[in-house]
Amino acid sequence: MIDKNVVTKAVEEWLAKGDYYLVDVEMTADDRIVIEIDHADGVWIEDCADLSRHLQESLGDELGDYELEVGSAGIGQPFKVIQQYRNHIGKEVEVLQKNGQKLQGLLKEVSEDGSRFTVSVKEKQQVEGKKRPVLVDVDKTFGLDEVKYCKYQLNFK
């Protein structure tokens, strides 16, 4: 049985030669190794194939009977690493808070240490001199421990 740390180290060797970053390494109960990588400009199938070949060469017989699956972090899937937040600054995201409240807005910034992020959302507020509430941009800052997920919001407009 191969150790997850051995697989992760081999992946990081390949990642060191480019701008890709590791999102996740999962070893499933049904003998699959699922590796997710990402890049600010997206992931090409050729790069996934190259990483797969690198792992087969590096790990050889250690892979044994494992099925190896290399792919990109899925669009519309929750962010798993802080680099995904940084890559989506200026884009629409969906946030599900731990209290169950869901909101959508523009990801504005991520703290230097990666523990917090800010989303600009539209809220109705009463403005002096107006009879009805109007939509205004409001910045909301969340700690990573305050949300169930944050993910890129596909927009077909």
# chains A, B, ... in the order shown; residues from 1 in each chain; ligands from 1
$ closest_atom_pairs --of "region 43-155 of chain A" --to "region 8-23 of chain A" --cutoff "9 Å" --atoms "only C-alpha atoms" --output "JSON lines"
{"residue": "A:Val43", "atom": "CA", "partner": "A:Tyr20", "partner_atom": "CA", "distance": 8.2}
{"residue": "A:Asp50", "atom": "CA", "partner": "A:Trp14", "partner_atom": "CA", "distance": 8.9}
{"residue": "A:Leu51", "atom": "CA", "partner": "A:Trp14", "partner_atom": "CA", "distance": 6.6}
{"residue": "A:His54", "atom": "CA", "partner": "A:Trp14", "partner_atom": "CA", "distance": 7.1}
{"residue": "A:Leu55", "atom": "CA", "partner": "A:Ala10", "partner_atom": "CA", "distance": 6.4}
{"residue": "A:Ser58", "atom": "CA", "partner": "A:Ala10", "partner_atom": "CA", "distance": 6.8}
{"residue": "A:Leu59", "atom": "CA", "partner": "A:Ala10", "partner_atom": "CA", "distance": 7.7}
{"residue": "A:Ser72", "atom": "CA", "partner": "A:Val23", "partner_atom": "CA", "distance": 8.5}
{"residue": "A:Ala73", "atom": "CA", "partner": "A:Val23", "partner_atom": "CA", "distance": 6.9}
{"residue": "A:Phe79", "atom": "CA", "partner": "A:Val23", "partner_atom": "CA", "distance": 8.6}
{"residue": "A:Lys80", "atom": "CA", "partner": "A:Val23", "partner_atom": "CA", "distance": 6.3}
{"residue": "A:Val81", "atom": "CA", "partner": "A:Val23", "partner_atom": "CA", "distance": 6.0}
{"residue": "A:Gln83", "atom": "CA", "partner": "A:Tyr21", "partner_atom": "CA", "distance": 8.0}
{"residue": "A:Gln84", "atom": "CA", "partner": "A:Val23", "partner_atom": "CA", "distance": 8.4}
$ select_by_dssp --residues "region 22-156 of chain A" --states "strand (DSSP E)" --output "ChimeraX atom specification"
/A:22-27,32-38,67-72,92-97,102-110,116-125,134-143,147-152
$ select_by_dssp --residues "region 46-133 of chain A" --states "alpha helix (DSSP H)" --output "list in words"
Glu46, Asp47, Cys48, Ala49, Asp50, Leu51, Ser52, Arg53, His54, Leu55, Gln56, Glu57, Ser58, Leu59, Ile82, Gln83, Gln84, Tyr85, Arg86 and Asn87 of chain A
$ atom_distance --atom1 "CA of Asn155 (chain A)" --atom2 "CA of Asp113 (chain A)"
28.9 Å
$ decode --residues "region 106-139 of chain A" --atoms "N, CA and C atoms" --output "JSON list (two decimals), in the first residue's frame"
[["chain", "number", "residue", "atom", "x", "y", "z"],
["A", 106, "LEU", "N", -19.16, 39.57, -5.46],
["A", 106, "LEU", "CA", -17.86, 39.68, -6.11],
["A", 106, "LEU", "C", -16.76, 39.47, -5.07],
["A", 107, "LEU", "N", -15.90, 38.51, -5.31],
["A", 107, "LEU", "CA", -14.78, 38.27, -4.41],
["A", 107, "LEU", "C", -13.80, 39.42, -4.56],
["A", 108, "LYS", "N", -13.60, 40.18, -3.50],
["A", 108, "LYS", "CA", -12.78, 41.39, -3.58],
["A", 108, "LYS", "C", -11.35, 41.18, -3.14],
["A", 109, "GLU", "N", -11.16, 40.45, -2.05],
["A", 109, "GLU", "CA", -9.79, 40.28, -1.55],
["A", 109, "GLU", "C", -9.69, 39.07, -0.63],
["A", 110, "VAL", "N", -8.44, 38.65, -0.43],
["A", 110, "VAL", "CA", -8.11, 37.56, 0.47],
["A", 110, "VAL", "C", -7.00, 38.09, 1.37],
["A", 111, "SER", "N", -7.11, 37.82, 2.65],
["A", 111, "SER", "CA", -6.09, 38.31, 3.58],
["A", 111, "SER", "C", -4.73, 37.69, 3.25],
["A", 112, "GLU", "N", -3.69, 38.39, 3.66],
["A", 112, "GLU", "CA", -2.32, 37.94, 3.38],
["A", 112, "GLU", "C", -2.08, 36.53, 3.91],
["A", 113, "ASP", "N", -2.59, 36.24, 5.10],
["A", 113, "ASP", "CA", -2.37, 34.92, 5.69],
["A", 113, "ASP", "C", -3.39, 33.88, 5.21],
["A", 114, "GLY", "N", -4.35, 34.31, 4.39],
["A", 114, "GLY", "CA", -5.32, 33.39, 3.81],
["A", 114, "GLY", "C", -6.41, 32.94, 4.75],
["A", 115, "SER", "N", -6.58, 33.60, 5.88],
["A", 115, "SER", "CA", -7.59, 33.16, 6.85],
["A", 115, "SER", "C", -8.94, 33.84, 6.65],
["A", 116, "ARG", "N", -8.98, 34.92, 5.87],
["A", 116, "ARG", "CA", -10.22, 35.68, 5.66],
["A", 116, "ARG", "C", -10.34, 36.11, 4.20],
["A", 117, "PHE", "N", -11.57, 36.32, 3.78],
["A", 117, "PHE", "CA", -11.82, 36.85, 2.43],
["A", 117, "PHE", "C", -13.01, 37.79, 2.48],
["A", 118, "THR", "N", -13.05, 38.70, 1.52],
["A", 118, "THR", "CA", -14.11, 39.71, 1.47],
["A", 118, "THR", "C", -14.88, 39.59, 0.17],
["A", 119, "VAL", "N", -16.21, 39.64, 0.30],
["A", 119, "VAL", "CA", -17.11, 39.56, -0.84],
["A", 119, "VAL", "C", -18.01, 40.79, -0.82],
["A", 120, "SER", "N", -18.15, 41.43, -1.98],
["A", 120, "SER", "CA", -19.05, 42.57, -2.12],
["A", 120, "SER", "C", -20.40, 42.06, -2.60],
["A", 121, "VAL", "N", -21.45, 42.29, -1.80],
["A", 121, "VAL", "CA", -22.79, 41.81, -2.13],
["A", 121, "VAL", "C", -23.73, 43.00, -2.27],
["A", 122, "LYS", "N", -24.81, 42.80, -2.97],
["A", 122, "LYS", "CA", -25.85, 43.82, -3.13],
["A", 122, "LYS", "C", -26.90, 43.59, -2.05],
["A", 123, "GLU", "N", -27.21, 44.66, -1.31],
["A", 123, "GLU", "CA", -28.24, 44.58, -0.27],
["A", 123, "GLU", "C", -29.19, 45.76, -0.41],
["A", 124, "LYS", "N", -30.45, 45.51, -0.10],
["A", 124, "LYS", "CA", -31.41, 46.61, -0.08],
["A", 124, "LYS", "C", -31.25, 47.36, 1.22],
["A", 125, "GLN", "N", -31.10, 48.68, 1.11],
["A", 125, "GLN", "CA", -31.00, 49.53, 2.29],
["A", 125, "GLN", "C", -31.81, 50.79, 2.07],
["A", 126, "GLN", "N", -32.34, 51.30, 3.18],
["A", 126, "GLN", "CA", -33.09, 52.55, 3.11],
["A", 126, "GLN", "C", -32.08, 53.69, 3.06],
["A", 127, "VAL", "N", -32.18, 54.50, 2.03],
["A", 127, "VAL", "CA", -31.29, 55.65, 1.86],
["A", 127, "VAL", "C", -32.09, 56.92, 2.13],
["A", 128, "GLU", "N", -31.48, 57.84, 2.88],
["A", 128, "GLU", "CA", -32.16, 59.08, 3.21],
["A", 128, "GLU", "C", -32.57, 59.82, 1.94],
["A", 129, "GLY", "N", -33.80, 60.25, 1.91],
["A", 129, "GLY", "CA", -34.31, 61.00, 0.76],
["A", 129, "GLY", "C", -35.00, 60.11, -0.27],
["A", 130, "LYS", "N", -34.94, 58.79, -0.07],
["A", 130, "LYS", "CA", -35.59, 57.85, -0.99],
["A", 130, "LYS", "C", -36.76, 57.19, -0.27],
["A", 131, "LYS", "N", -37.85, 57.00, -1.00],
["A", 131, "LYS", "CA", -39.03, 56.38, -0.40],
["A", 131, "LYS", "C", -38.84, 54.87, -0.24],
["A", 132, "ARG", "N", -38.19, 54.27, -1.21],
["A", 132, "ARG", "CA", -38.02, 52.82, -1.20],
["A", 132, "ARG", "C", -36.56, 52.46, -0.98],
["A", 133, "PRO", "N", -36.33, 51.26, -0.44],
["A", 133, "PRO", "CA", -34.93, 50.81, -0.29],
["A", 133, "PRO", "C", -34.27, 50.66, -1.67],
["A", 134, "VAL", "N", -32.98, 50.91, -1.71],
["A", 134, "VAL", "CA", -32.22, 50.77, -2.96],
["A", 134, "VAL", "C", -31.11, 49.75, -2.75],
["A", 135, "LEU", "N", -30.65, 49.16, -3.85],
["A", 135, "LEU", "CA", -29.55, 48.20, -3.78],
["A", 135, "LEU", "C", -28.23, 48.95, -3.66],
["A", 136, "VAL", "N", -27.45, 48.57, -2.65],
["A", 136, "VAL", "CA", -26.12, 49.16, -2.45],
["A", 136, "VAL", "C", -25.11, 48.02, -2.28],
["A", 137, "ASP", "N", -23.87, 48.32, -2.65],
["A", 137, "ASP", "CA", -22.80, 47.34, -2.46],
["A", 137, "ASP", "C", -22.33, 47.37, -1.01],
["A", 138, "VAL", "N", -22.27, 46.18, -0.41],
["A", 138, "VAL", "CA", -21.83, 46.05, 0.97],
["A", 138, "VAL", "C", -20.74, 44.99, 1.00],
["A", 139, "ASP", "N", -19.60, 45.33, 1.62],
["A", 139, "ASP", "CA", -18.51, 44.36, 1.76],
["A", 139, "ASP", "C", -18.73, 43.52, 3.00]]
